[in-house]
Amino acid sequence: MRIALGVTGGVAAYKAAELTRRLQQEKLDIQVIMTRSAREFITPLTFAALTGQKVITEMFGKESNATPNVESAIEHIAVAQRIDLLVVAPATADILAKFAQGIADDFLTTLYLATKAPVVVAPAMNVNMWENAATQNNIATLKSRGVHVVDPDEGYLACGMTGSGRLAGIETIAKEVCKVLGLRHDLENETILITAGPTCEDLDPVRYLTNRSSGKMGYALATAAQRRGAKVILVSGPTDLQTPEGVDWIPVRTTKQMREAVLERAKESTIIIKAAAVADYRPVAQSQQKIKRSTGEHLVLELEPTPDILAELGRTKSSQVLIGFAAETENVAASARKKLTTKNADMIVANDVTQAGAGFDTDTNVVTLYLRDHREIALPKMTKFQVADKILDQALELRPQTK
Ligand code: C5P
């Protein structure tokens with residue numbers, strides 16, 4: 001699908017770059033249009049680099065080139081007909097006023113009048129400007145004509161005041177765009193508990209046992225589920241990843257902490273995906289002081305098994321769909337099948353971590369889904385986000401029909 005992103009002149013204009021990236025993740029083709037004042041805040045080059053497309057800044061070609069050409073003069077009509085949606089973020093008080101009045105004095109305002117595509121605006125301005133009756137009337141007018149308004153957030157504003165006027169969160173704007181475009185939100189009734197990353201088991205105050213899990217697969221699942229409308233609880237071991245916006249993030253360190261967090265939140269969940277690489281063993285004793293090196297002597301660590309959270313969930317689960325992961329270096333299929341039964345899971349996502357492009361710390365994965373009904377779905381190499389969507393598709397299929 002093709003959308004136009006209008007960027008107008010406010011301090012929040014830089015956030016439009018982030019919005020561009022976010023919308024690209026929805027596979028949207030984005031034509032950016034900047035008003036003259038937007039270009040005082042951020043350069044077209046940023047958007048051209050992000051979208052790989054020329055940014056439209058003028059109605060009649062280059063500013064210095066006074067001679068309009070037919071092509072650029074009717075471009076707004078062509079863009080207006082091509083797009084599936086127009087989103088303006090940030091939208092200043094000025095652009096809202098122009099839209100409400102039907103003023104067409106630059107490319108963006110002309111496009112607005114010329115397009116029949118749905119329009120989403122995300123206002124951002126000083127709190128007094130936002131609350132001014134003129135702006136509020138314009139907003140009411142636009143809403144009455146079917147424009148989708150993503151209300152600004154409250155908070156500290158660039159002008160130094162506090163109040164309503166901050167551009168809404170990128171995720172909120174993106175969600176509205178997806179909703180208006182009818183992009184799928186099939187997980188809206190689900191609460192999905194996801195574990196991610198490694199766990200760490202301390203030996204002494206400075207040393208611990210862990211594994212090479214980056215958390216990327218679990219975070220991709222959390223992001224994908226959140227985008228598809230699910231309420232997401234992400235219980236995460238230590239990772240370097242950014243917390244996905246809009247998820248309930250619970251950081252943990254040890255297997256014991258992960259178990260406590262998971263069991264506490266399991267009841268409210270409809271789907272549980274255990275993507276974490278949980279430590280299978282932990283030191284029996286933790287030294288309160290740093291273990292000293294003694295030359296020539298071997299140090300033997302005694303390890304005990306950690307509680308198997310997945311198996312515990314399998315024993316106690318009611319109607320939840322329970323999904324586990326299996327990272328293997330050999331006998332992938334046999335191990336996955338065994339885990340399905342021993343852990344009472346509904347699906348095991350197995351990968352051979354020795355394969356190129358699979359497993360730890362890569363952006364891609366090669367997995368096979370093993371299901372209770374003996375089906376085996378081998379997926380080709382794809383990004384962890386694509387894998388996440390496939391897992392979620394399958395999870396939804398496994399959900400008992402409530403309707
Ligand atoms: O038995 P194994 O550790 O290979 O099983 C992997 C699956 O079990 C993963 O989904 C992992 O999150 C989960 N697991 C767990 N608690 C453990 C060990 C693994 O929940 N102590």
# chains A, B, ... in the order shown; residues from 1 in each chain; ligands from 1

call {"tool": "residues_near_ligand", "arguments": {"ligand": "ligand 1", "cutoff": "8 Å", "atoms": "only C-alpha atoms and all ligand atoms", "output": "PyMOL selection string"}}
result
chain A and resi 195-196+255+259+273-281+305-312+323-328+339+343+348

call {"tool": "residues_around", "arguments": {"residues": "segment 124-130 of chain A", "least_positions_apart": "2", "cutoff": "9 Å", "atoms": "only C-alpha atoms", "output": "list of chain:residue names"}}
result
A:Gly10, A:Val11, A:Ala12, A:Ala89, A:Pro90, A:Ala91, A:Thr92, A:Ala93, A:Ala122, A:Asn132, A:Ala133, A:Ala134, A:Thr135, A:Gln136, A:Asp151, A:Pro152, A:Asp153, A:Glu154, A:Leu157, A:Ala158, A:Cys159, A:Met161, A:Thr162, A:Gly163, A:Ser164, A:Gly165, A:Arg166, A:Leu167, A:Ala168

call {"tool": "select_by_dssp", "arguments": {"residues": "segment 67-291 of chain A", "states": "alpha helix (DSSP H)", "output": "MDAnalysis selection string"}}
result
chainID A and resid 70:73 75:82 93:101 107:114 127:131 133:144 170:181 216:227 255:266

call {"tool": "write_last_selection", "arguments": {"atoms": "C-alpha atoms", "output": "PDB file, in the first residue's frame"}}
result
ATOM      1  CA  VAL A  70       3.135  20.700 -16.208  1.00  0.00           C
ATOM      2  CA  GLU A  71       4.404  17.551 -14.552  1.00  0.00           C
ATOM      3  CA  SER A  72       5.058  19.143 -11.174  1.00  0.00           C
ATOM      4  CA  ALA A  73       1.956  21.341 -11.392  1.00  0.00           C
ATOM      5  CA  GLU A  75       1.711  16.078  -9.300  1.00  0.00           C
ATOM      6  CA  HIS A  76      -0.595  16.657  -6.344  1.00  0.00           C
ATOM      7  CA  ILE A  77      -3.446  15.168  -8.347  1.00  0.00           C
ATOM      8  CA  ALA A  78      -1.351  12.147  -9.260  1.00  0.00           C
ATOM      9  CA  VAL A  79      -0.263  11.646  -5.643  1.00  0.00           C
ATOM     10  CA  ALA A  80      -3.839  12.220  -4.453  1.00  0.00           C
ATOM     11  CA  GLN A  81      -5.069   9.418  -6.691  1.00  0.00           C
ATOM     12  CA  ARG A  82      -2.219   7.057  -5.915  1.00  0.00           C
ATOM     13  CA  ALA A  93      -2.239  24.518  14.328  1.00  0.00           C
ATOM     14  CA  ASP A  94      -1.690  26.212  10.964  1.00  0.00           C
ATOM     15  CA  ILE A  95      -2.153  23.096   8.834  1.00  0.00           C
ATOM     16  CA  LEU A  96      -5.238  22.081  10.805  1.00  0.00           C
ATOM     17  CA  ALA A  97      -6.710  25.535  10.187  1.00  0.00           C
ATOM     18  CA  LYS A  98      -5.944  25.330   6.489  1.00  0.00           C
ATOM     19  CA  PHE A  99      -7.418  21.848   6.180  1.00  0.00           C
ATOM     20  CA  ALA A 100     -10.538  22.958   8.055  1.00  0.00           C
ATOM     21  CA  GLN A 101     -10.951  26.027   5.840  1.00  0.00           C
ATOM     22  CA  PHE A 107       1.458  20.966  -2.016  1.00  0.00           C
ATOM     23  CA  LEU A 108       0.216  19.404   1.211  1.00  0.00           C
ATOM     24  CA  THR A 109      -2.925  21.514   1.522  1.00  0.00           C
ATOM     25  CA  THR A 110      -3.724  20.964  -2.150  1.00  0.00           C
ATOM     26  CA  LEU A 111      -3.181  17.239  -1.798  1.00  0.00           C
ATOM     27  CA  TYR A 112      -5.496  17.202   1.210  1.00  0.00           C
ATOM     28  CA  LEU A 113      -8.291  18.753  -0.840  1.00  0.00           C
ATOM     29  CA  ALA A 114      -7.635  16.597  -3.865  1.00  0.00           C
ATOM     30  CA  VAL A 127      -0.660  23.698  25.060  1.00  0.00           C
ATOM     31  CA  ASN A 128      -2.365  27.096  24.742  1.00  0.00           C
ATOM     32  CA  MET A 129      -2.431  26.829  20.959  1.00  0.00           C
ATOM     33  CA  TRP A 130      -3.943  23.361  21.261  1.00  0.00           C
ATOM     34  CA  GLU A 131      -6.558  24.488  23.752  1.00  0.00           C
ATOM     35  CA  ALA A 133     -11.021  27.646  20.685  1.00  0.00           C
ATOM     36  CA  ALA A 134      -9.913  28.257  17.097  1.00  0.00           C
ATOM     37  CA  THR A 135      -7.834  25.064  17.060  1.00  0.00           C
ATOM     38  CA  GLN A 136     -10.489  23.071  18.894  1.00  0.00           C
ATOM     39  CA  ASN A 137     -13.126  24.254  16.394  1.00  0.00           C
ATOM     40  CA  ASN A 138     -10.899  23.235  13.525  1.00  0.00           C
ATOM     41  CA  ILE A 139     -10.376  19.819  15.095  1.00  0.00           C
ATOM     42  CA  ALA A 140     -14.131  19.403  15.564  1.00  0.00           C
ATOM     43  CA  THR A 141     -14.710  20.404  11.923  1.00  0.00           C
ATOM     44  CA  LEU A 142     -12.113  17.944  10.677  1.00  0.00           C
ATOM     45  CA  LYS A 143     -13.497  15.143  12.835  1.00  0.00           C
ATOM     46  CA  SER A 144     -17.003  15.830  11.570  1.00  0.00           C
ATOM     47  CA  ILE A 170       4.925   6.825  17.281  1.00  0.00           C
ATOM     48  CA  GLU A 171       3.293   3.488  18.102  1.00  0.00           C
ATOM     49  CA  THR A 172      -0.063   5.150  18.732  1.00  0.00           C
ATOM     50  CA  ILE A 173       0.084   7.009  15.417  1.00  0.00           C
ATOM     51  CA  ALA A 174       1.219   3.880  13.570  1.00  0.00           C
ATOM     52  CA  LYS A 175      -1.599   1.889  15.141  1.00  0.00           C
ATOM     53  CA  GLU A 176      -4.162   4.404  13.975  1.00  0.00           C
ATOM     54  CA  VAL A 177      -2.723   4.348  10.455  1.00  0.00           C
ATOM     55  CA  CYS A 178      -2.892   0.538  10.426  1.00  0.00           C
ATOM     56  CA  LYS A 179      -6.414   0.574  11.780  1.00  0.00           C
ATOM     57  CA  VAL A 180      -7.619   3.022   9.155  1.00  0.00           C
ATOM     58  CA  LEU A 181      -5.885   1.028   6.426  1.00  0.00           C
ATOM     59  CA  LYS A 216      15.936 -10.923  19.452  1.00  0.00           C
ATOM     60  CA  MET A 217      13.396 -13.665  18.754  1.00  0.00           C
ATOM     61  CA  GLY A 218      11.371 -12.939  21.906  1.00  0.00           C
ATOM     62  CA  TYR A 219      11.453  -9.196  21.298  1.00  0.00           C
ATOM     63  CA  ALA A 220      10.371  -9.691  17.682  1.00  0.00           C
ATOM     64  CA  LEU A 221       7.449 -11.760  18.957  1.00  0.00           C
ATOM     65  CA  ALA A 222       6.519  -9.073  21.478  1.00  0.00           C
ATOM     66  CA  THR A 223       6.669  -6.341  18.830  1.00  0.00           C
ATOM     67  CA  ALA A 224       4.690  -8.336  16.264  1.00  0.00           C
ATOM     68  CA  ALA A 225       2.022  -9.338  18.805  1.00  0.00           C
ATOM     69  CA  GLN A 226       1.693  -5.775  20.028  1.00  0.00           C
ATOM     70  CA  ARG A 227       1.306  -4.523  16.462  1.00  0.00           C
ATOM     71  CA  THR A 255      15.549 -18.332  36.389  1.00  0.00           C
ATOM     72  CA  LYS A 256      13.923 -18.042  39.805  1.00  0.00           C
ATOM     73  CA  GLN A 257      12.867 -14.461  39.070  1.00  0.00           C
ATOM     74  CA  MET A 258      11.625 -15.444  35.617  1.00  0.00           C
ATOM     75  CA  ARG A 259       9.582 -18.265  37.100  1.00  0.00           C
ATOM     76  CA  GLU A 260       7.987 -15.967  39.656  1.00  0.00           C
ATOM     77  CA  ALA A 261       7.126 -13.320  37.069  1.00  0.00           C
ATOM     78  CA  VAL A 262       5.744 -15.867  34.597  1.00  0.00           C
ATOM     79  CA  LEU A 263       3.621 -17.727  37.128  1.00  0.00           C
ATOM     80  CA  GLU A 264       2.221 -14.465  38.428  1.00  0.00           C
ATOM     81  CA  ARG A 265       1.105 -13.344  34.971  1.00  0.00           C
ATOM     82  CA  ALA A 266       0.225 -16.727  33.422  1.00  0.00           C
TER      83      ALA A 266
END

call {"tool": "residues_around", "arguments": {"residues": "Thr239 of chain A", "least_positions_apart": "4", "cutoff": "10 Å", "atoms": "only C-alpha atoms", "output": "MDAnalysis selection string"}}
result
chainID A and resid 196:199 213:216 219 243 251 253

call {"tool": "write_last_selection", "arguments": {"atoms": "all heavy atoms", "output": "short mmCIF file (atom, residue, chain, number, x, y, z; two decimals), in the first residue's frame"}}
result
data_model
loop_
_atom_site.label_atom_id
_atom_site.label_comp_id
_atom_site.auth_asym_id
_atom_site.auth_seq_id
_atom_site.Cartn_x
_atom_site.Cartn_y
_atom_site.Cartn_z
N ALA A 196 11.84 -13.82 27.05
CA ALA A 196 12.91 -13.57 26.07
C ALA A 196 14.26 -13.46 26.75
O ALA A 196 14.33 -13.18 27.95
CB ALA A 196 12.60 -12.27 25.32
N GLY A 197 15.28 -13.66 25.94
CA GLY A 197 16.65 -13.45 26.43
C GLY A 197 17.17 -14.60 27.26
O GLY A 197 16.50 -15.63 27.43
N PRO A 198 18.36 -14.43 27.79
CA PRO A 198 18.95 -15.48 28.63
C PRO A 198 18.56 -15.27 30.09
O PRO A 198 17.94 -14.25 30.42
CB PRO A 198 20.44 -15.22 28.48
CG PRO A 198 20.53 -13.73 28.35
CD PRO A 198 19.27 -13.27 27.65
N THR A 199 18.86 -16.22 30.95
CA THR A 199 18.84 -15.92 32.38
C THR A 199 20.28 -16.03 32.86
O THR A 199 21.12 -16.63 32.19
CB THR A 199 17.93 -16.88 33.18
OG1 THR A 199 18.39 -18.21 32.98
CG2 THR A 199 16.48 -16.75 32.76
N SER A 213 22.01 -16.23 24.19
CA SER A 213 20.75 -15.67 23.70
C SER A 213 20.80 -14.14 23.68
O SER A 213 21.20 -13.51 24.64
CB SER A 213 19.60 -16.14 24.59
OG SER A 213 18.45 -15.40 24.28
N SER A 214 20.36 -13.56 22.55
CA SER A 214 20.34 -12.10 22.43
C SER A 214 18.98 -11.53 22.81
O SER A 214 18.83 -10.34 23.03
CB SER A 214 20.64 -11.70 20.97
OG SER A 214 19.60 -12.22 20.13
N GLY A 215 17.97 -12.38 22.81
CA GLY A 215 16.61 -11.91 23.09
C GLY A 215 15.87 -11.45 21.84
O GLY A 215 14.69 -11.11 21.90
N LYS A 216 16.55 -11.49 20.67
CA LYS A 216 15.94 -10.92 19.45
C LYS A 216 14.64 -11.62 19.06
O LYS A 216 13.68 -10.97 18.64
CB LYS A 216 16.92 -10.98 18.28
CG LYS A 216 17.97 -9.90 18.35
CD LYS A 216 18.91 -9.97 17.18
CE LYS A 216 19.95 -8.87 17.27
NZ LYS A 216 21.02 -9.02 16.30
N TYR A 219 11.85 -10.60 21.48
CA TYR A 219 11.45 -9.20 21.30
C TYR A 219 10.70 -9.01 19.98
O TYR A 219 9.78 -8.19 19.89
CB TYR A 219 12.69 -8.28 21.37
CG TYR A 219 13.06 -7.93 22.81
CD1 TYR A 219 13.34 -8.93 23.73
CD2 TYR A 219 13.13 -6.61 23.25
CE1 TYR A 219 13.67 -8.63 25.04
CE2 TYR A 219 13.45 -6.30 24.57
CZ TYR A 219 13.72 -7.31 25.46
OH TYR A 219 14.03 -7.02 26.76
N THR A 243 13.33 -1.75 24.68
CA THR A 243 12.01 -2.28 25.06
C THR A 243 10.98 -1.85 24.02
O THR A 243 10.87 -0.68 23.72
CB THR A 243 11.59 -1.69 26.42
OG1 THR A 243 12.68 -1.82 27.30
CG2 THR A 243 10.38 -2.40 26.97
N PRO A 251 11.63 -6.83 33.58
CA PRO A 251 13.01 -7.32 33.51
C PRO A 251 13.32 -8.28 34.67
O PRO A 251 12.92 -8.01 35.80
CB PRO A 251 13.84 -6.03 33.63
CG PRO A 251 12.97 -5.07 34.35
CD PRO A 251 11.54 -5.46 34.09
N ARG A 253 16.48 -11.41 36.05
CA ARG A 253 17.86 -11.80 35.84
C ARG A 253 18.02 -13.32 35.97
O ARG A 253 18.55 -13.98 35.10
CB ARG A 253 18.72 -11.07 36.88
CG ARG A 253 20.16 -11.27 36.74
CD ARG A 253 20.93 -10.39 37.73
NE ARG A 253 22.18 -11.02 38.05
CZ ARG A 253 23.21 -11.03 37.23
NH1 ARG A 253 23.13 -10.41 36.07
NH2 ARG A 253 24.32 -11.67 37.55
#

call {"tool": "atom_distance", "arguments": {"atom1": "atom CA of Val332 of chain A", "atom2": "atom CA of Tyr208 of chain A"}}
result
28.1 Å

call {"tool": "select_by_dssp", "arguments": {"residues": "segment 179-392 of chain A", "states": "strand (DSSP E)", "output": "MDAnalysis selection string"}}
result
chainID A and resid 191:196 201:204 207:209 231:236 248:251 271:274 281:283 303:305 321:328 347:352 364:365 367:371 376:378 382:383

call {"tool": "residues_around", "arguments": {"residues": "Thr43 of chain A", "least_positions_apart": "5", "cutoff": "10 Å", "atoms": "only C-alpha atoms", "output": "JSON list (two decimals) with all heavy atoms, in the first residue's frame"}}
result
[["chain", "number", "residue", "atom", "x", "y", "z"],
["A", 13, "ALA", "N", 8.95, 17.63, 14.37],
["A", 13, "ALA", "CA", 9.14, 17.17, 12.98],
["A", 13, "ALA", "C", 10.16, 16.04, 12.89],
["A", 13, "ALA", "O", 10.04, 15.13, 12.07],
["A", 13, "ALA", "CB", 9.56, 18.34, 12.09],
["A", 14, "TYR", "N", 11.16, 16.07, 13.78],
["A", 14, "TYR", "CA", 12.19, 15.02, 13.73],
["A", 14, "TYR", "C", 11.58, 13.64, 14.02],
["A", 14, "TYR", "O", 12.09, 12.63, 13.56],
["A", 14, "TYR", "CB", 13.34, 15.33, 14.69],
["A", 14, "TYR", "CG", 13.02, 15.14, 16.15],
["A", 14, "TYR", "CD1", 13.35, 13.96, 16.80],
["A", 14, "TYR", "CD2", 12.38, 16.13, 16.90],
["A", 14, "TYR", "CE1", 13.06, 13.77, 18.14],
["A", 14, "TYR", "CE2", 12.09, 15.95, 18.23],
["A", 14, "TYR", "CZ", 12.42, 14.76, 18.85],
["A", 14, "TYR", "OH", 12.12, 14.58, 20.16],
["A", 34, "MET", "N", 6.85, 17.71, 2.58],
["A", 34, "MET", "CA", 7.21, 18.62, 3.66],
["A", 34, "MET", "C", 6.74, 20.03, 3.35],
["A", 34, "MET", "O", 6.87, 20.50, 2.22],
["A", 34, "MET", "CB", 8.73, 18.64, 3.85],
["A", 34, "MET", "CG", 9.30, 17.31, 4.25],
["A", 34, "MET", "SD", 11.09, 17.38, 4.47],
["A", 34, "MET", "CE", 11.20, 18.16, 6.07],
["A", 38, "ALA", "N", 8.40, 23.02, 7.82],
["A", 38, "ALA", "CA", 8.97, 21.75, 8.29],
["A", 38, "ALA", "C", 10.45, 21.69, 7.96],
["A", 38, "ALA", "O", 11.26, 21.16, 8.72],
["A", 38, "ALA", "CB", 8.24, 20.58, 7.65],
["A", 48, "ALA", "N", 14.37, 11.48, 2.30],
["A", 48, "ALA", "CA", 14.74, 10.89, 1.01],
["A", 48, "ALA", "C", 15.61, 9.66, 1.25],
["A", 48, "ALA", "O", 15.44, 8.61, 0.61],
["A", 48, "ALA", "CB", 15.48, 11.92, 0.16],
["A", 55, "VAL", "N", 11.53, 13.64, -1.96],
["A", 55, "VAL", "CA", 10.57, 14.24, -1.03],
["A", 55, "VAL", "C", 9.92, 15.43, -1.74],
["A", 55, "VAL", "O", 10.62, 16.23, -2.37],
["A", 55, "VAL", "CB", 11.30, 14.71, 0.25],
["A", 55, "VAL", "CG1", 10.39, 15.52, 1.15],
["A", 55, "VAL", "CG2", 11.82, 13.48, 1.01]]

call {"tool": "atom_distance", "arguments": {"atom1": "atom CA of Lys290 of chain A", "atom2": "atom CA of Cys200 of chain A"}}
result
16.6 Å
